[in-house]
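Have a look at my_file-v7.csv below; it lists CSV, C-alpha atoms.
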chain,number,residue,atom,x,y,z
A,20,MET,CA,4.9,8.5,0.9
A,21,SER,CA,3.2,11.6,2.2
A,22,ALA,CA,0.0,10.4,0.4
A,23,THR,CA,-0.1,7.5,2.8
A,24,PHE,CA,0.3,9.6,5.9
A,25,LEU,CA,-3.3,10.7,6.4
A,26,PRO,CA,-5.0,7.4,5.6
A,27,LEU,CA,-2.7,5.6,8.0
A,28,LEU,CA,-2.9,8.1,10.8
A,29,ARG,CA,-6.7,8.2,10.5
A,30,ARG,CA,-6.9,4.4,10.7
A,31,ASP,CA,-4.5,4.3,13.7
A,32,LEU,CA,-6.4,7.0,15.5
A,33,ALA,CA,-9.8,5.3,14.9
A,34,MET,CA,-8.2,2.2,16.3
A,35,LEU,CA,-6.6,3.7,19.3
A,36,VAL,CA,-8.7,6.7,20.3
A,37,SER,CA,-12.3,5.8,19.8
A,38,GLY,CA,-13.9,2.9,21.5
A,39,GLY,CA,-14.7,-0.4,19.9
A,40,ARG,CA,-13.3,-3.8,20.3
A,41,ARG,CA,-9.7,-2.7,20.2
A,42,GLY,CA,-10.2,-0.5,23.2
A,43,GLY,CA,-10.0,3.3,23.5
A,44,ALA,CA,-8.2,6.2,25.0
A,45,VAL,CA,-10.6,6.4,28.0
A,46,LEU,CA,-9.3,3.4,29.9
A,47,PRO,CA,-5.7,4.5,30.4
A,48,VAL,CA,-7.0,7.9,31.6
A,49,LEU,CA,-9.4,6.4,34.1
A,50,PHE,CA,-6.6,4.1,35.3
A,51,PHE,CA,-4.3,7.1,35.7
A,52,LEU,CA,-7.0,9.0,37.7
A,53,ALA,CA,-7.8,5.9,39.8
A,54,VAL,CA,-4.1,5.6,40.9
A,55,ALA,CA,-3.9,9.3,41.8
A,56,MET,CA,-7.2,8.9,43.7
A,57,LEU,CA,-6.1,5.8,45.6
A,58,TYR,CA,-2.7,7.3,46.6
A,59,PRO,CA,-4.0,9.8,49.3
A,60,PHE,CA,-6.1,7.0,50.8
A,61,ALA,CA,-3.0,4.8,51.1
A,62,VAL,CA,-0.6,7.3,52.6
A,63,GLY,CA,-3.1,9.4,54.6
A,64,PRO,CA,-4.1,13.1,54.5
A,65,ASP,CA,-0.7,14.5,55.3
A,66,ALA,CA,-0.5,17.5,52.9
A,67,VAL,CA,3.2,18.0,53.1
A,68,LEU,CA,4.0,14.3,52.5
A,69,LEU,CA,1.5,14.2,49.6
A,70,GLY,CA,2.9,17.3,48.0
A,71,ARG,CA,6.4,16.0,48.2
A,72,THR,CA,5.7,12.5,46.8
A,73,GLY,CA,2.7,13.2,44.6
A,74,GLY,CA,4.6,14.1,41.5
A,75,GLY,CA,6.4,10.8,41.5
A,76,VAL,CA,3.1,9.0,41.8
A,77,ILE,CA,1.7,10.9,38.9
A,78,TRP,CA,4.7,9.9,36.8
A,79,VAL,CA,4.5,6.2,37.8
A,80,ALA,CA,0.7,6.3,37.0
A,81,ALA,CA,1.4,7.8,33.6
A,82,LEU,CA,4.0,5.1,32.8
A,83,LEU,CA,1.6,2.4,33.8
A,84,ALA,CA,-1.3,4.0,31.8
A,85,ALA,CA,0.9,4.0,28.7
A,86,ILE,CA,1.5,0.3,29.1
A,87,LEU,CA,-2.2,-0.6,29.0
A,88,PRO,CA,-2.8,-0.4,25.2
A,89,LEU,CA,0.5,-2.2,24.5
A,90,ASP,CA,-1.0,-5.4,23.2
A,91,ARG,CA,-3.2,-3.8,20.5
A,92,LEU,CA,-0.5,-1.5,19.1
A,93,VAL,CA,1.1,-3.9,16.6
A,94,GLU,CA,0.0,-7.4,17.2
A,95,PRO,CA,-3.5,-7.3,15.6
A,96,ASP,CA,-2.2,-5.7,12.4
A,97,LEU,CA,0.5,-8.3,12.1
A,98,GLU,CA,-2.0,-11.2,12.6
A,99,LEU,CA,-4.4,-9.8,10.1
A,100,GLY,CA,-1.8,-9.4,7.4
A,101,PHE,CA,-1.8,-5.6,7.2
A,102,PHE,CA,2.0,-5.3,7.5
A,103,ASP,CA,2.5,-7.7,4.5
A,104,GLN,CA,0.0,-5.8,2.4
A,105,TRP,CA,1.8,-2.5,3.2
A,106,ALA,CA,5.1,-4.1,2.3
A,107,LEU,CA,3.7,-5.1,-1.1
A,108,ARG,CA,2.7,-1.5,-1.7
A,109,GLY,CA,6.2,-0.3,-0.9
A,110,ILE,CA,5.2,1.4,2.4
A,111,GLY,CA,8.1,1.0,4.8
A,112,GLU,CA,7.7,-0.5,8.2
A,113,GLU,CA,9.5,2.4,9.7
A,114,TRP,CA,7.1,4.9,8.2
A,115,ILE,CA,4.1,2.9,9.4
A,116,LEU,CA,5.5,2.6,12.9
A,117,ALA,CA,6.5,6.3,13.1
A,118,ILE,CA,2.9,7.2,12.3
A,119,ARG,CA,1.7,4.7,14.9
A,120,ILE,CA,3.9,6.3,17.5
A,121,LEU,CA,2.3,9.6,16.7
A,122,ALA,CA,-1.2,8.1,16.9
A,123,HIS,CA,-0.3,6.3,20.2
A,124,TRP,CA,1.0,9.5,21.7
A,125,LEU,CA,-2.1,11.5,20.6
A,126,SER,CA,-4.3,8.8,22.1
A,127,PHE,CA,-2.8,9.0,25.6
A,128,GLY,CA,-0.4,11.9,25.9
A,129,PRO,CA,-2.8,14.9,25.7
A,130,PRO,CA,-5.5,13.1,27.6
A,131,LEU,CA,-3.1,12.3,30.4
A,132,MET,CA,-2.0,15.9,30.5
A,133,LEU,CA,-5.6,16.9,30.9
A,134,ALA,CA,-6.2,14.2,33.5
A,135,ALA,CA,-3.0,15.4,35.4
A,136,LEU,CA,-4.9,18.6,36.4
A,137,PRO,CA,-7.4,16.8,38.7
A,138,ALA,CA,-4.8,14.2,39.6
A,139,SER,CA,-2.4,16.9,40.8
A,140,ALA,CA,-5.2,18.4,42.9
A,141,LEU,CA,-5.8,15.0,44.5
A,142,VAL,CA,-2.2,14.7,45.6
A,143,GLY,CA,-1.8,18.3,46.6
A,144,ILE,CA,0.3,19.7,43.8
A,145,ASP,CA,-0.5,23.2,42.6
A,146,GLY,CA,1.0,26.5,41.3
A,147,ASP,CA,4.5,26.3,39.8
A,148,LYS,CA,4.9,22.6,40.5
A,149,LEU,CA,1.7,21.9,38.4
A,150,TRP,CA,3.4,23.6,35.5
A,151,LEU,CA,6.4,21.4,35.9
A,152,VAL,CA,4.2,18.3,36.0
A,153,GLU,CA,2.4,19.3,32.8
A,154,ILE,CA,5.5,20.3,30.8
A,155,GLY,CA,7.3,17.3,32.1
A,156,LEU,CA,4.5,15.1,30.8
A,157,LEU,CA,4.6,16.9,27.5
A,158,ALA,CA,8.3,16.2,27.2
A,159,GLY,CA,8.2,12.6,28.5
A,160,THR,CA,5.1,11.1,27.0
A,161,PRO,CA,6.4,11.0,23.4
A,162,GLY,CA,9.3,8.9,24.7
A,163,LEU,CA,6.8,6.6,26.4
A,164,ALA,CA,4.8,6.3,23.2
A,165,ALA,CA,8.0,5.5,21.2
A,166,LEU,CA,9.0,2.9,23.8
A,167,GLY,CA,5.5,1.4,23.8
A,168,VAL,CA,5.4,0.9,20.0
A,169,MET,CA,9.0,-0.4,19.9
A,170,VAL,CA,8.4,-3.0,22.6
A,171,ALA,CA,5.0,-3.9,21.1
A,172,ALA,CA,6.6,-4.6,17.7
A,173,ILE,CA,9.4,-6.7,19.3
A,174,THR,CA,7.0,-8.8,21.4
A,175,ALA,CA,4.3,-9.1,18.7
A,176,GLY,CA,3.6,-12.7,17.8
A,177,LEU,CA,5.2,-14.1,21.0
A,178,ARG,CA,3.1,-16.2,23.4
A,179,GLY,CA,2.3,-14.0,26.4
A,180,GLY,CA,3.7,-11.0,24.5
A,181,ALA,CA,1.5,-8.5,26.3
A,182,ALA,CA,2.8,-9.3,29.7
A,183,LEU,CA,6.4,-9.6,28.5
A,184,GLY,CA,5.9,-6.2,26.8
A,185,GLY,CA,4.9,-4.5,30.0
A,186,LEU,CA,7.9,-6.0,31.8
A,187,LEU,CA,10.3,-4.8,29.0
A,188,VAL,CA,8.9,-1.3,29.0
A,189,ILE,CA,9.4,-0.7,32.7
A,190,PRO,CA,13.2,-0.8,32.9
A,191,LEU,CA,13.6,1.1,29.7
A,192,ALA,CA,11.4,3.8,31.0
A,193,VAL,CA,13.5,4.4,34.1
A,194,PRO,CA,15.5,7.3,32.6
A,195,LEU,CA,12.3,9.1,31.7
A,196,LEU,CA,11.0,8.5,35.2
A,197,VAL,CA,14.2,9.6,36.9
A,198,PHE,CA,14.4,12.9,35.0
A,199,GLY,CA,10.7,13.6,34.7
A,200,ALA,CA,9.8,13.0,38.4
A,201,GLY,CA,13.3,14.2,39.4
A,202,SER,CA,12.6,17.6,37.9
A,203,LEU,CA,9.8,18.1,40.4
A,204,ALA,CA,12.1,17.5,43.3
A,205,VAL,CA,14.9,19.7,42.1
A,206,GLY,CA,12.8,22.4,40.4
A,207,GLY,CA,13.9,24.4,37.4
A,208,THR,CA,14.2,23.3,33.8
A,209,SER,CA,17.3,21.1,33.8
A,210,GLY,CA,15.3,18.0,34.6
A,211,LEU,CA,12.8,18.8,31.9
A,212,ALA,CA,15.5,19.3,29.3
A,213,LEU,CA,17.0,15.8,30.2
A,214,THR,CA,13.5,14.3,30.0
A,215,ALA,CA,13.0,15.8,26.5
A,216,ALA,CA,16.5,14.5,25.5
A,217,VAL,CA,15.6,10.9,26.6
A,218,SER,CA,12.3,11.3,24.7
A,219,LEU,CA,14.1,12.4,21.5
A,220,VAL,CA,16.6,9.5,21.7
A,221,LEU,CA,13.7,7.0,22.0
A,222,LEU,CA,11.7,8.7,19.2
A,223,ALA,CA,14.8,8.5,16.9
A,224,ILE,CA,15.5,4.8,17.7
A,225,ALA,CA,12.0,3.4,18.0
A,226,PRO,CA,10.7,3.4,14.4
A,227,PHE,CA,13.9,1.7,13.1
A,228,ALA,CA,14.1,-0.9,15.9
A,229,ALA,CA,10.4,-1.7,15.6
A,230,GLY,CA,10.6,-1.9,11.8
A,231,ALA,CA,13.6,-4.3,12.0
A,232,ALA,CA,11.6,-6.4,14.5
A,233,ILE,CA,8.6,-6.7,12.2
A,234,ARG,CA,10.9,-7.7,9.3
A,235,ALA,CA,12.8,-10.2,11.4
A,236,GLY,CA,9.5,-11.8,12.5
A,237,ARG,CA,8.5,-12.5,8.8
A,238,GLY,CA,9.1,-15.8,7.2
B,23,MET,CA,-1.7,-2.4,-18.4
B,24,GLN,CA,2.1,-1.8,-18.1
B,25,ALA,CA,4.5,-4.4,-19.3
B,26,CYS,CA,5.1,-7.0,-16.7
B,27,SER,CA,7.0,-10.2,-16.1
B,28,LEU,CA,7.7,-12.6,-13.4
B,29,SER,CA,10.4,-15.3,-13.4
B,30,ALA,CA,12.1,-17.5,-10.9
B,31,THR,CA,15.3,-19.3,-11.4
B,32,ASP,CA,16.5,-22.4,-9.4
B,33,LEU,CA,14.4,-21.5,-6.3
B,34,ALA,CA,14.9,-23.5,-3.2
B,35,CYS,CA,13.0,-23.1,0.1
B,36,ARG,CA,14.1,-24.2,3.5
B,37,ARG,CA,11.8,-24.2,6.6
B,38,GLY,CA,13.7,-25.1,9.7
B,39,ASP,CA,16.1,-27.9,8.8
B,40,ARG,CA,13.8,-29.2,6.1
B,41,LEU,CA,14.3,-28.5,2.4
B,42,LEU,CA,10.8,-28.1,0.9
B,43,PHE,CA,11.7,-27.8,-2.7
B,44,ALA,CA,14.7,-27.0,-4.9
B,45,ARG,CA,15.6,-26.1,-8.5
B,46,LEU,CA,12.2,-24.7,-9.2
B,47,SER,CA,12.1,-22.3,-12.2
B,48,PHE,CA,9.4,-20.6,-14.1
B,49,ALA,CA,8.9,-17.6,-16.3
B,50,LEU,CA,5.7,-15.7,-16.9
B,51,GLY,CA,5.0,-13.0,-19.4
B,52,PRO,CA,2.0,-10.6,-19.9
B,53,GLY,CA,-1.3,-12.5,-20.0
B,54,GLU,CA,0.0,-15.7,-18.6
B,55,ALA,CA,-1.2,-17.7,-15.7
B,56,LEU,CA,0.4,-20.5,-13.7
B,57,GLN,CA,-1.0,-22.9,-11.1
B,58,LEU,CA,1.2,-24.2,-8.4
B,59,ALA,CA,-0.4,-27.5,-7.3
B,60,GLY,CA,0.5,-29.9,-4.6
B,61,ALA,CA,-0.5,-31.4,-1.3
B,62,ASN,CA,-0.8,-29.4,2.0
B,63,GLY,CA,2.6,-28.5,3.5
B,64,ILE,CA,4.5,-29.0,0.3
B,65,GLY,CA,5.6,-25.3,0.3
B,66,LYS,CA,3.0,-23.5,-1.9
B,67,SER,CA,2.4,-20.7,0.5
B,68,SER,CA,6.2,-20.4,1.2
B,69,LEU,CA,6.8,-20.1,-2.5
B,70,MET,CA,4.2,-17.4,-2.8
B,71,ARG,CA,5.8,-15.4,0.1
B,72,ILE,CA,9.2,-15.8,-1.5
B,73,VAL,CA,7.9,-14.6,-4.9
B,74,ALA,CA,6.2,-11.7,-3.1
B,75,GLY,CA,9.5,-10.8,-1.5
B,76,LEU,CA,8.1,-11.3,2.0
B,77,MET,CA,10.5,-14.2,2.8
B,78,PRO,CA,14.0,-14.8,1.7
B,79,ALA,CA,14.7,-17.7,-0.7
B,80,PHE,CA,17.1,-20.3,0.5
B,81,ALA,CA,18.6,-20.3,-3.0
B,82,GLY,CA,17.8,-18.9,-6.4
B,83,THR,CA,16.6,-15.6,-7.7
B,84,ILE,CA,13.3,-13.9,-8.5
B,85,GLU,CA,13.0,-11.4,-11.2
B,86,ARG,CA,10.0,-9.2,-11.2
B,87,HIS,CA,8.8,-6.3,-13.3
B,88,GLY,CA,5.6,-4.6,-12.2
B,89,ALA,CA,3.8,-4.1,-8.9
B,90,LEU,CA,2.5,-7.1,-7.1
B,91,GLY,CA,-0.6,-7.9,-5.2
B,92,LEU,CA,-1.2,-10.8,-2.9
B,93,ILE,CA,-4.3,-12.7,-1.5
B,94,ASP,CA,-3.6,-15.2,1.3
B,95,GLU,CA,-5.5,-16.6,4.2
B,96,ARG,CA,-5.6,-13.2,6.0
B,97,PRO,CA,-8.0,-10.7,4.5
B,98,ALA,CA,-6.2,-7.6,6.0
B,99,LEU,CA,-9.5,-5.9,6.7
B,100,ASP,CA,-10.4,-4.5,10.1
B,101,PRO,CA,-12.7,-7.0,11.7
B,102,HIS,CA,-14.7,-4.5,13.7
B,103,LEU,CA,-15.4,-2.1,10.8
B,104,PRO,CA,-18.3,-2.5,8.3
B,105,LEU,CA,-17.0,-4.0,5.1
B,106,GLY,CA,-17.5,-0.7,3.1
B,107,ARG,CA,-15.3,1.2,5.5
B,108,ALA,CA,-12.7,-1.6,5.7
B,109,LEU,CA,-12.3,-1.6,2.0
B,110,ALA,CA,-12.4,2.2,1.9
B,111,PHE,CA,-9.1,2.3,3.9
B,112,TRP,CA,-7.3,0.4,1.1
B,113,GLN,CA,-9.0,2.6,-1.6
B,114,ARG,CA,-7.5,5.6,0.1
B,115,LEU,CA,-4.0,4.0,-0.3
B,116,ASP,CA,-4.6,2.4,-3.8
B,117,GLY,CA,-6.8,5.0,-5.4
B,118,PRO,CA,-10.5,4.9,-6.2
B,119,ALA,CA,-11.8,1.4,-7.1
B,120,ASP,CA,-14.2,0.5,-9.9
B,121,ASN,CA,-17.3,-1.6,-9.3
B,122,ALA,CA,-15.3,-4.7,-8.3
B,123,ALA,CA,-17.2,-5.1,-5.0
B,124,ALA,CA,-20.5,-5.2,-6.8
B,125,ARG,CA,-19.3,-7.7,-9.4
B,126,LEU,CA,-18.2,-9.9,-6.6
B,127,GLY,CA,-21.6,-10.0,-5.0
B,128,LEU,CA,-20.6,-7.8,-2.0
B,129,ALA,CA,-22.9,-4.9,-2.6
B,130,GLY,CA,-25.4,-6.0,0.0
B,131,LEU,CA,-22.7,-6.6,2.6
B,132,MET,CA,-21.2,-3.1,2.8
B,133,ASP,CA,-22.8,-2.3,6.2
B,134,VAL,CA,-21.9,-5.7,7.8
B,135,PRO,CA,-18.9,-5.8,10.1
B,136,VAL,CA,-16.1,-7.8,8.6
B,137,ARG,CA,-16.0,-10.2,11.6
B,138,TYR,CA,-19.6,-11.3,10.8
B,139,LEU,CA,-18.7,-12.3,7.2
B,140,SER,CA,-18.2,-15.9,6.3
B,141,THR,CA,-14.9,-17.3,5.0
B,142,GLY,CA,-16.1,-17.2,1.4
B,143,GLN,CA,-17.4,-13.6,1.8
B,144,LYS,CA,-14.0,-12.6,3.3
B,145,LYS,CA,-12.3,-14.2,0.3
B,146,ARG,CA,-14.5,-12.2,-2.1
B,147,ALA,CA,-13.7,-9.0,-0.1
B,148,ALA,CA,-10.0,-9.7,-0.3
B,149,LEU,CA,-10.4,-10.2,-4.1
B,150,ALA,CA,-12.1,-6.8,-4.3
B,151,ARG,CA,-9.2,-5.3,-2.4
B,152,LEU,CA,-6.8,-6.9,-4.9
B,153,ILE,CA,-8.7,-5.7,-7.9
B,154,GLY,CA,-8.7,-2.2,-6.4
B,155,GLN,CA,-5.0,-2.3,-6.1
B,156,LYS,CA,-4.7,-2.2,-9.9
B,157,VAL,CA,-1.4,-4.1,-10.2
B,158,PRO,CA,-0.3,-6.3,-13.1
B,159,LEU,CA,1.1,-9.2,-10.9
B,160,TRP,CA,-1.5,-11.2,-9.0
B,161,LEU,CA,-0.4,-13.8,-6.4
B,162,LEU,CA,-3.4,-15.9,-5.3
B,163,ASP,CA,-2.7,-18.2,-2.4
B,164,GLU,CA,-5.5,-20.7,-2.1
B,165,PRO,CA,-8.1,-18.3,-3.6
B,166,LEU,CA,-10.8,-21.0,-3.7
B,167,ASN,CA,-10.8,-21.8,0.0
B,168,GLY,CA,-14.3,-21.4,1.5
B,169,LEU,CA,-15.8,-20.3,-1.8
B,170,ASP,CA,-19.0,-21.9,-3.1
B,171,THR,CA,-19.3,-23.0,-6.8
B,172,ARG,CA,-20.4,-19.5,-7.9
B,173,GLY,CA,-17.5,-18.0,-6.0
B,174,VAL,CA,-15.1,-20.3,-7.7
B,175,ALA,CA,-16.5,-19.4,-11.1
B,176,LEU,CA,-16.2,-15.7,-10.1
B,177,VAL,CA,-12.5,-16.1,-9.2
B,178,GLU,CA,-11.8,-17.9,-12.5
B,179,GLU,CA,-13.6,-15.2,-14.4
B,180,MET,CA,-11.7,-12.4,-12.6
B,181,ALA,CA,-8.4,-14.1,-13.1
B,182,ALA,CA,-9.2,-14.8,-16.8
B,183,GLN,CA,-10.1,-11.2,-17.3
B,184,HIS,CA,-6.9,-10.0,-15.6
B,185,CYS,CA,-4.9,-12.2,-17.9
B,186,ARG,CA,-6.8,-10.9,-21.0
B,187,GLU,CA,-5.9,-7.4,-19.9
B,188,GLY,CA,-2.2,-8.4,-19.9
B,189,GLY,CA,-1.7,-9.2,-16.3
B,190,ILE,CA,0.0,-12.2,-14.7
B,191,CYS,CA,-1.6,-14.7,-12.3
B,192,LEU,CA,0.3,-17.0,-10.1
B,193,ILE,CA,-2.1,-19.3,-8.3
B,194,ALA,CA,-1.3,-21.7,-5.5
B,195,SER,CA,-4.1,-24.1,-5.1
B,196,HIS,CA,-4.6,-27.8,-4.5
B,197,GLN,CA,-8.1,-27.6,-6.1
B,198,PRO,CA,-8.7,-27.8,-9.9
B,199,LEU,CA,-9.0,-24.4,-11.5
B,200,ALA,CA,-10.2,-23.8,-15.1
B,201,LEU,CA,-8.3,-20.9,-16.6
B,202,PRO,CA,-7.7,-20.7,-20.4
B,203,GLY,CA,-4.0,-21.3,-21.2
B,204,MET,CA,-2.9,-21.8,-17.6
B,205,GLY,CA,0.3,-23.7,-17.0
B,206,ARG,CA,0.7,-26.0,-14.1
B,207,ILE,CA,3.6,-26.9,-11.9
B,208,GLU,CA,3.4,-29.9,-9.5
B,209,LEU,CA,5.5,-28.9,-6.6
B,210,ALA,CA,6.0,-32.5,-5.7
B,211,ASP,CA,8.2,-32.8,-8.8
B,212,PHE,CA,10.7,-30.4,-7.1
B,213,ALA,CA,10.5,-31.8,-3.6
B,214,ALA,CA,14.0,-32.3,-2.3
Could you take the file, read its structure, and then write that structure out as structure tokens?
Amino acid sequence: MSATFLPLLRRDLAMLVSGGRRGGAVLPVLFFLAVAMLYPFAVGPDAVLLGRTGGGVIWVAALLAAILPLDRLVEPDLELGFFDQWALRGIGEEWILAIRILAHWLSFGPPLMLAALPASALVGIDGDKLWLVEIGLLAGTPGLAALGVMVAAITAGLRGGAALGGLLVIPLAVPLLVFGAGSLAVGGTSGLALTAAVSLVLLAIAPFAAGAAIRAGRG
Amino acid sequence: MQACSLSATDLACRRGDRLLFARLSFALGPGEALQLAGANGIGKSSLMRIVAGLMPAFAGTIERHGALGLIDERPALDPHLPLGRALAFWQRLDGPADNAAARLGLAGLMDVPVRYLSTGQKKRAALARLIGQKVPLWLLDEPLNGLDTRGVALVEEMAAQHCREGGICLIASHQPLALPGMGRIELADFAA
């Protein structure tokens, strides 16, 4: 099992991070920055208002950026027959999808945390609050990655699966958003702990739910 | 090659509310080959997927000893990667391969992205992947599709060699295939 970890992770990262036809990690980051840049234009230069609402905008932008690569997380491999070939080699779907969650997170989590620095400056967040944003994203983005892979596996093979996937992720991501963005309003670490808890629950469920979806779709 | 066997007893396959075939049985030992013949849509590919364990049988049992490799219409190679790197991914999972790719006439194509390959070249690439898997049970689903006459001869030669080495070949094809000692099942005889 562990012998398959590195080859699979390498392939997933090459597929998700670098450019090429199946996209790259740059697009979600640019999208994230674009939202953060547009927001001050939309609400005006009121620094107090921006500072109070900017954290929420960063969280919404992060959620939307995580949805962007949804359609290339699972569907192409299913269509090309990769999952069948892995099954014949005795590599479990759960294992493959757990690795994919890791690769998906690596492709957008850390880049978004980096991009959150300029984005926070744009919406007037600094000091302690910036730390809360960064640690909140660190706690919340793994949950978003797990959610993304789970929904991608469930909607893979459906007509219009990509659009449906986006719609399915949004309501399921509400707890992450409430606790993640809420921790900025309340301050302190209780919100962060709850964000991490939601993330852990999603991480624990996602590989099994996604694996079951792949197997159910066979036939 | 390790001892292997593959047998099916009273298999039946249902797609939707249609029973495709029923009471189909066969047994294969080391070095044996079997062709499943029949018209399009008669259930050859479904039977292959049932034997591979990728689809549940409606009735009947499969008994299988030995690891199993499958070629079907999907090559399972990354379309944007050069062929060499796409095959290298499977080599990292299956262990280093011998010179299968060269024997299959792929040596000059290693730098060509998979999506630029023709249907027949993709079939050859899938065959190279299967050989690299080093498993005793081969399931070939329409292995001759898109192949030229030389390609067909190559597949026959590879399958014959695999059987000589003690492997088992189960081949679903509507095209004639020359393989020494190969049995043949007409799926139409079992149509329900």
Could the residues of chain A within 8 Å of chain B, counting all atoms listed in the file, be given as an MDAnalysis selection string, please? chainID A and resid 22:23 26 30 39:40 96 98:101 103:104 106:108 237:238
Show me, as an MDAnalysis selection string, the residues that have an atom within 7 Å of range 138-147 of chain A when counting all atoms listed in the file, minus same-chain residues fewer than 6 positions from it. chainID A and resid 52 55:56 59 66 69:70 73
Excluding range 196-210 of chain B and any residue of its chain fewer than 6 positions from it, enumerate the residues within 12 Å of it, using all atoms listed in the file, and give them as an MDAnalysis selection string. chainID B and resid 33:35 42:51 53:69 162:169 171 173:186 190
For CA of Val76 in chain A and CA of Phe51 in chain A, quote the distance in Å rounded to one decimal.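 According to the coordinates, CA of Val76 in chain A and CA of Phe51 in chain A are separated by 9.8 Å.
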I'd like the interatomic distance between CA of Gly189 in chain B and CA of Phe80 in chain B, to a tenth of an Å. 27.5 Å
Got a sec: who's within 6 Å of range 154-161 of chain A, counting all atoms listed in the file, leaving out chain neighbours fewer than 2 positions off, as a PDB file with C-alpha atoms, keeping the file's coordinate frame?
ATOM      1  CA  TRP A 124       1.000   9.500  21.700  1.00  0.00           C
ATOM      2  CA  GLY A 128      -0.400  11.900  25.900  1.00  0.00           C
ATOM      3  CA  LEU A 151       6.400  21.400  35.900  1.00  0.00           C
ATOM      4  CA  VAL A 152       4.200  18.300  36.000  1.00  0.00           C
ATOM      5  CA  LEU A 163       6.800   6.600  26.400  1.00  0.00           C
ATOM      6  CA  ALA A 164       4.800   6.300  23.200  1.00  0.00           C
ATOM      7  CA  GLY A 199      10.700  13.600  34.700  1.00  0.00           C
ATOM      8  CA  LEU A 211      12.800  18.800  31.900  1.00  0.00           C
ATOM      9  CA  THR A 214      13.500  14.300  30.000  1.00  0.00           C
ATOM     10  CA  ALA A 215      13.000  15.800  26.500  1.00  0.00           C
ATOM     11  CA  SER A 218      12.300  11.300  24.700  1.00  0.00           C
TER      12      SER A 218
END
